[in-house]
$ cat coords-v6.csv   # CSV, C-alpha atoms
chain,number,residue,atom,x,y,z
A,169,MET,CA,30.1,-41.3,26.9
A,170,GLU,CA,30.9,-39.7,23.5
A,171,GLU,CA,27.4,-40.3,22.2
A,172,THR,CA,25.9,-38.7,25.3
A,173,VAL,CA,28.0,-35.5,24.8
A,174,TYR,CA,26.9,-35.4,21.2
A,175,ASN,CA,23.2,-35.7,22.1
A,176,LYS,CA,23.5,-32.9,24.6
A,177,TYR,CA,25.2,-30.7,22.0
A,178,GLU,CA,22.5,-31.5,19.5
A,179,LEU,CA,19.8,-30.6,22.0
A,180,PHE,CA,21.5,-27.3,22.9
A,181,LEU,CA,21.8,-26.4,19.2
A,182,THR,CA,18.1,-27.2,18.6
A,183,ARG,CA,17.0,-25.1,21.5
A,184,PHE,CA,19.3,-22.2,20.4
A,185,ILE,CA,17.8,-22.2,16.9
A,186,LEU,CA,14.3,-22.3,18.3
A,187,ILE,CA,15.0,-19.3,20.5
A,188,LEU,CA,16.4,-17.3,17.5
A,189,PHE,CA,13.2,-18.2,15.5
A,190,LEU,CA,10.9,-17.0,18.3
A,191,VAL,CA,12.8,-13.7,18.8
A,192,ALA,CA,12.7,-13.0,15.1
A,193,PHE,CA,9.0,-13.9,15.1
A,194,LYS,CA,8.2,-11.5,17.9
A,195,PHE,CA,10.3,-8.7,16.4
A,196,SER,CA,8.4,-8.9,13.1
A,197,ILE,CA,5.1,-8.4,14.9
A,198,ARG,CA,6.4,-5.4,16.9
A,199,ALA,CA,8.0,-3.8,13.9
A,200,SER,CA,4.8,-3.8,11.7
A,201,THR,CA,1.8,-3.4,13.9
A,202,PRO,CA,2.3,0.2,15.2
A,203,GLU,CA,3.5,1.5,11.8
A,204,VAL,CA,0.4,0.3,10.0
A,205,LYS,CA,-1.9,1.8,12.7
A,206,ASP,CA,-0.2,5.2,12.5
A,207,ALA,CA,-0.2,5.4,8.7
A,208,VAL,CA,-3.9,4.5,8.4
A,209,SER,CA,-4.9,7.3,10.7
A,210,ASN,CA,-2.6,9.9,9.2
A,211,ASN,CA,-4.0,11.7,6.1
A,212,SER,CA,-0.7,13.5,5.5
A,213,ALA,CA,1.2,10.2,5.2
A,214,TYR,CA,-1.2,9.1,2.4
A,215,GLN,CA,-0.9,12.4,0.6
A,216,GLU,CA,2.9,12.2,0.8
A,217,TYR,CA,2.9,8.6,-0.5
A,218,ILE,CA,0.7,9.6,-3.5
A,219,GLY,CA,2.8,12.7,-4.2
A,220,THR,CA,6.0,10.5,-4.2
A,221,HIS,CA,4.8,7.6,-6.3
A,222,TYR,CA,2.1,8.9,-8.7
A,223,LYS,CA,4.5,9.4,-11.6
A,224,THR,CA,5.7,5.8,-11.2
A,225,ALA,CA,2.1,4.6,-11.2
A,226,ILE,CA,1.3,6.6,-14.4
A,227,ARG,CA,4.4,5.1,-16.0
A,228,GLN,CA,3.3,1.6,-15.1
A,229,GLN,CA,-0.1,2.2,-16.5
A,230,LYS,CA,1.3,3.4,-19.8
A,231,GLU,CA,3.6,0.4,-20.1
A,232,HIS,CA,1.4,-2.4,-18.7
A,233,LYS,CA,-2.2,-1.2,-19.0
A,234,ILE,CA,-2.9,-1.4,-15.2
A,235,PRO,CA,-4.8,1.6,-13.8
A,236,ALA,CA,-2.6,4.1,-12.0
A,237,SER,CA,-5.4,4.4,-9.4
A,238,ILE,CA,-5.3,0.7,-8.7
A,239,ILE,CA,-1.5,0.7,-8.4
A,240,LEU,CA,-1.5,3.6,-6.0
A,241,ALA,CA,-4.4,2.2,-3.9
A,242,GLN,CA,-2.8,-1.2,-3.6
A,243,GLY,CA,0.5,0.4,-2.7
A,244,LEU,CA,-1.2,2.5,0.0
A,245,LEU,CA,-3.1,-0.4,1.4
A,246,GLU,CA,-0.4,-3.1,1.2
A,247,SER,CA,2.4,-0.9,2.5
A,248,ALA,CA,0.4,1.3,4.9
A,249,ALA,CA,1.5,4.3,2.9
A,250,GLY,CA,5.1,3.2,2.9
A,251,GLN,CA,5.2,2.7,6.7
A,252,SER,CA,4.9,-1.1,7.0
A,253,TYR,CA,7.7,-3.4,8.0
A,254,LEU,CA,8.0,-4.9,4.5
A,255,ALA,CA,8.1,-1.4,2.8
A,256,LEU,CA,10.8,-0.1,5.2
A,257,ALA,CA,12.9,-3.2,5.4
A,258,ALA,CA,12.5,-4.7,1.9
A,259,ASN,CA,11.1,-1.9,-0.3
A,260,ASN,CA,8.1,-4.3,-0.8
A,261,HIS,CA,5.0,-2.2,-1.3
A,262,PHE,CA,2.6,-4.8,-2.6
A,263,GLY,CA,3.0,-7.7,-0.2
A,264,LEU,CA,4.3,-10.1,-2.8
A,265,LYS,CA,5.7,-13.4,-1.4
A,266,CYS,CA,8.6,-15.5,-2.7
A,267,THR,CA,6.6,-17.8,-5.0
A,268,ASP,CA,8.4,-18.2,-8.3
A,269,TRP,CA,11.0,-15.7,-7.1
A,270,ARG,CA,14.8,-16.0,-7.4
A,271,GLY,CA,15.8,-12.6,-5.9
A,272,LEU,CA,16.4,-11.3,-2.4
A,273,CYS,CA,14.0,-12.3,0.3
A,274,ILE,CA,12.9,-11.4,3.8
A,275,TYR,CA,10.9,-13.4,6.4
A,276,LYS,CA,7.9,-12.0,8.3
A,277,ASN,CA,4.9,-13.2,10.2
A,278,ASP,CA,1.8,-13.3,8.0
A,279,ASP,CA,-1.5,-14.3,9.7
A,280,GLY,CA,0.3,-16.5,12.2
A,281,VAL,CA,2.7,-18.1,9.6
A,282,TYR,CA,6.3,-17.2,9.2
A,283,SER,CA,6.5,-16.5,5.5
A,284,CYS,CA,9.0,-15.5,2.8
A,285,PHE,CA,8.5,-12.1,1.1
A,286,ARG,CA,10.3,-10.5,-1.9
A,287,LYS,CA,12.9,-7.9,-1.2
A,288,TYR,CA,13.9,-5.1,-3.6
A,289,LEU,CA,16.9,-2.8,-3.9
A,290,GLU,CA,14.6,0.1,-5.0
A,291,VAL,CA,11.0,0.9,-4.5
A,292,SER,CA,10.5,1.3,-8.2
A,293,ASP,CA,11.6,-2.3,-8.6
A,294,SER,CA,8.6,-3.3,-6.4
A,295,PHE,CA,6.2,-1.3,-8.6
A,296,GLU,CA,7.6,-3.0,-11.8
A,297,ASP,CA,7.5,-6.5,-10.2
A,298,HIS,CA,3.9,-5.9,-9.1
A,299,SER,CA,2.9,-5.2,-12.8
A,300,ARG,CA,4.8,-8.2,-14.1
A,301,PHE,CA,3.3,-10.4,-11.3
A,302,LEU,CA,-0.2,-9.6,-12.6
A,303,ILE,CA,0.7,-9.9,-16.3
A,304,ALA,CA,2.4,-13.3,-15.8
A,305,ARG,CA,-0.6,-15.0,-14.1
A,306,PRO,CA,-3.4,-16.3,-16.4
A,307,HIS,CA,-6.2,-15.8,-13.9
A,308,TYR,CA,-5.7,-12.0,-14.0
A,309,LYS,CA,-5.9,-11.9,-17.8
A,310,PRO,CA,-9.6,-10.9,-17.8
A,311,LEU,CA,-8.7,-7.7,-16.0
A,312,PHE,CA,-6.6,-6.5,-18.9
A,313,LYS,CA,-9.7,-6.5,-21.1
A,314,LEU,CA,-11.3,-3.8,-18.9
A,315,LYS,CA,-10.9,-0.1,-19.6
A,316,VAL,CA,-8.0,1.5,-17.9
A,317,THR,CA,-10.5,3.9,-16.2
A,318,ASP,CA,-12.6,1.0,-14.7
A,319,TYR,CA,-11.0,1.0,-11.3
A,320,LYS,CA,-14.1,-0.6,-9.7
A,321,GLY,CA,-13.9,-3.6,-12.1
A,322,TRP,CA,-10.2,-3.9,-11.4
A,323,ALA,CA,-10.7,-3.8,-7.6
A,324,GLN,CA,-13.4,-6.4,-7.7
A,325,GLY,CA,-11.4,-8.6,-10.1
A,326,LEU,CA,-8.3,-8.5,-7.9
A,327,LYS,CA,-10.4,-9.8,-5.0
A,328,ARG,CA,-12.3,-12.3,-7.1
A,329,TYR,CA,-9.1,-13.8,-8.6
A,330,GLY,CA,-7.4,-14.2,-5.2
A,331,TYR,CA,-4.9,-11.3,-4.8
A,332,ALA,CA,-5.9,-11.0,-1.2
A,333,SER,CA,-7.8,-13.1,1.3
A,334,ASP,CA,-9.5,-10.0,2.9
A,335,PRO,CA,-13.2,-10.2,2.0
A,336,ASN,CA,-13.3,-6.4,2.0
A,337,TYR,CA,-10.3,-5.9,-0.2
A,338,ALA,CA,-12.2,-4.5,-3.2
A,339,THR,CA,-14.2,-2.2,-1.0
A,340,LYS,CA,-11.0,-0.9,0.7
A,341,LEU,CA,-9.4,-0.2,-2.7
A,342,ILE,CA,-12.4,1.6,-4.0
A,343,LYS,CA,-12.7,3.7,-0.9
A,344,LEU,CA,-9.1,4.8,-1.1
A,345,ILE,CA,-9.4,5.7,-4.8
A,346,GLU,CA,-12.5,7.8,-4.2
A,347,SER,CA,-11.4,9.4,-1.0
A,348,TYR,CA,-8.1,10.5,-2.5
A,349,GLN,CA,-9.4,11.0,-6.0
A,350,LEU,CA,-6.8,8.5,-7.4
A,351,TYR,CA,-8.9,8.1,-10.6
A,352,TYR,CA,-7.4,11.5,-11.6
A,353,TYR,CA,-4.1,9.7,-12.3
A,354,ASP,CA,-5.8,7.2,-14.8
A,355,THR,CA,-6.0,10.0,-17.3
A,356,ALA,CA,-3.1,12.2,-16.1
A,357,LYS,CA,0.4,12.6,-17.5
A,358,GLU,CA,3.7,12.3,-15.6
A,359,THR,CA,4.2,16.0,-16.0
A,360,ASP,CA,0.8,16.9,-14.4
A,361,PRO,CA,0.9,18.0,-10.8
A,362,PRO,CA,-0.5,15.7,-8.0
A,363,MET,CA,-4.1,16.0,-7.0
A,364,LYS,CA,-4.5,17.9,-3.7
A,365,VAL,CA,-7.2,16.4,-1.6
A,366,VAL,CA,-8.7,18.4,1.4
A,367,SER,CA,-9.6,16.1,4.3
A,368,THR,CA,-13.1,16.0,5.6
A,369,ALA,CA,-12.0,17.5,8.9
A,370,THR,CA,-10.5,20.5,7.1
A,371,LYS,CA,-13.6,21.0,5.0
A,372,THR,CA,-15.8,20.9,8.1
A,373,SER,CA,-13.6,23.4,9.9
A,374,SER,CA,-13.6,25.8,7.0
A,375,ALA,CA,-17.4,25.6,6.7
A,376,THR,CA,-17.8,26.3,10.4
A,377,GLN,CA,-15.5,29.3,10.1
A,378,LYS,CA,-17.6,30.7,7.3
A,379,LYS,CA,-20.8,30.3,9.2
A,380,ALA,CA,-19.2,32.1,12.2
A,381,GLN,CA,-18.2,35.2,10.3
A,382,PRO,CA,-20.0,38.2,11.6
A,383,VAL,CA,-22.4,40.2,9.5
A,384,LYS,CA,-20.9,43.5,8.3
A,385,LYS,CA,-22.9,46.7,8.8
A,386,ASN,CA,-23.3,49.3,6.0
A,387,THR,CA,-22.8,52.4,8.1
A,388,THR,CA,-23.3,54.7,5.0
A,389,LYS,CA,-26.9,53.9,4.4
A,390,GLY,CA,-27.7,52.9,8.0
A,391,LYS,CA,-28.8,49.4,6.9
A,392,THR,CA,-27.4,46.0,7.8
A,393,SER,CA,-26.2,43.9,4.8
A,394,ALA,CA,-24.2,40.7,4.3
A,395,SER,CA,-20.9,40.9,2.5
A,396,SER,CA,-20.8,39.4,-1.0
A,397,LYS,CA,-18.2,37.9,-3.3
A,398,LYS,CA,-17.7,38.9,-6.9
$ encode --input "coords-v6.csv" --output "structure tokens"
Amino acid sequence: MEETVYNKYELFLTRFILILFLVAFKFSIRASTPEVKDAVSNNSAYQEYIGTHYKTAIRQQKEHKIPASIILAQGLLESAAGQSYLALAANNHFGLKCTDWRGLCIYKNDDGVYSCFRKYLEVSDSFEDHSRFLIARPHYKPLFKLKVTDYKGWAQGLKRYGYASDPNYATKLIKLIESYQLYYYDTAKETDPPMKVVSTATKTSSATQKKAQPVKKNTTKGKTSASSKK
């Protein structure tokens, strides 16, 4: 009788733990998916992220010889411009997992697997740990022989040496760097202002407005002439 009661209790406890696991698993999916989607489609979110973290990226480049453009592009991509679940809940902007890690951690679904990720007290700690992560691993060593302005070489090398499983990882990094002119920060100083990038939509709208401007008439001479800029 006593053994039967114990077995029932053990079965109840097992089911309870399983339910908690499933709830946490579903929550992690709901928390991350919409945030990533919104950030990717929002140009202003990217601009704000760059403006907030470019000085940190320049500082990391100066100390560790990793291009500031690469740091910013990875931060934008991995954290969805600071809007991902990991960025908001753990200050983790580079998607680093708990391998060889003794600090704080957080669990999240990653490609169907419930994985452990690093958690930081400050966002700046995430940037510093990202640099040290690359420096400490021998397979990234060839990257540090590249020029600090060779963002394409760095992007391709990060993919080649296994930073991410996405086959288009290098292409995405390069596109971000060129779309937002992040290469500017590879030669900039911390005291320099951030680069202001005008979106394609804004440029198109501005061009359309210029074309739509009416031709001014020169009533003095009785001839029609277009206005000019000096």
$ atom_distance --input "coords-v6.csv" --atom1 "CA of Ala257 in chain A" --atom2 "CA of Glu290 in chain A"
11.0 Å
$ atom_distance --input "coords-v6.csv" --atom1 "CA of Val291 in chain A" --atom2 "CA of Ile303 in chain A"
19.0 Å
$ closest_residue --input "coords-v6.csv" --among "A:Ala213, A:Asp334, A:Cys284, A:Gln242" --to "Thr267 in chain A" --atoms "only C-alpha atoms"
A:Cys284
$ atom_distance --input "coords-v6.csv" --atom1 "CA of His261 in chain A" --atom2 "CA of Pro362 in chain A"
19.9 Å
$ residues_near_point --input "coords-v6.csv" --point "(0.2, -1.7, -9.9)" --cutoff "6 Å" --atoms "all atoms listed in the file" --output "PyMOL selection string"
chain A and resi 239+298-299
$ closest_residue --input "coords-v6.csv" --among "A:Lys357, A:Asp318, A:Ser333, A:Cys273" --to "Leu289 in chain A" --atoms "only C-alpha atoms"
A:Cys273
$ residues_around --input "coords-v6.csv" --residues "His307 in chain A" --least-positions-apart "3" --cutoff "10 Å" --atoms "all atoms listed in the file" --output "VMD selection string"
chain A and resid 302 to 304 310 to 311 325 to 326 328 to 330
$ closest_residue --input "coords-v6.csv" --among "A:Ala338, A:Leu264, A:Ile238, A:Met363" --to "Asp278 in chain A" --atoms "all atoms listed in the file"
A:Leu264
$ residues_near_point --input "coords-v6.csv" --point "(-0.3, -3.7, -17.9)" --cutoff "12 Å" --atoms "all atoms listed in the file" --output "tab-separated table (two decimals) with C-alpha atoms, in the frame of the given file"
chain	number	residue	atom	x	y	z
A	225	ALA	CA	2.10	4.60	-11.20
A	226	ILE	CA	1.30	6.60	-14.40
A	227	ARG	CA	4.40	5.10	-16.00
A	228	GLN	CA	3.30	1.60	-15.10
A	229	GLN	CA	-0.10	2.20	-16.50
A	230	LYS	CA	1.30	3.40	-19.80
A	231	GLU	CA	3.60	0.40	-20.10
A	232	HIS	CA	1.40	-2.40	-18.70
A	233	LYS	CA	-2.20	-1.20	-19.00
A	234	ILE	CA	-2.90	-1.40	-15.20
A	235	PRO	CA	-4.80	1.60	-13.80
A	236	ALA	CA	-2.60	4.10	-12.00
A	238	ILE	CA	-5.30	0.70	-8.70
A	239	ILE	CA	-1.50	0.70	-8.40
A	295	PHE	CA	6.20	-1.30	-8.60
A	296	GLU	CA	7.60	-3.00	-11.80
A	297	ASP	CA	7.50	-6.50	-10.20
A	298	HIS	CA	3.90	-5.90	-9.10
A	299	SER	CA	2.90	-5.20	-12.80
A	300	ARG	CA	4.80	-8.20	-14.10
A	301	PHE	CA	3.30	-10.40	-11.30
A	302	LEU	CA	-0.20	-9.60	-12.60
A	303	ILE	CA	0.70	-9.90	-16.30
A	304	ALA	CA	2.40	-13.30	-15.80
A	305	ARG	CA	-0.60	-15.00	-14.10
A	308	TYR	CA	-5.70	-12.00	-14.00
A	309	LYS	CA	-5.90	-11.90	-17.80
A	310	PRO	CA	-9.60	-10.90	-17.80
A	311	LEU	CA	-8.70	-7.70	-16.00
A	312	PHE	CA	-6.60	-6.50	-18.90
A	313	LYS	CA	-9.70	-6.50	-21.10
A	314	LEU	CA	-11.30	-3.80	-18.90
A	315	LYS	CA	-10.90	-0.10	-19.60
A	316	VAL	CA	-8.00	1.50	-17.90
A	322	TRP	CA	-10.20	-3.90	-11.40
$ residues_around --input "coords-v6.csv" --residues "Ala323 in chain A" --least-positions-apart "6" --cutoff "9 Å" --atoms "all atoms listed in the file" --output "number ranges by chain"
A: 238, 337-342
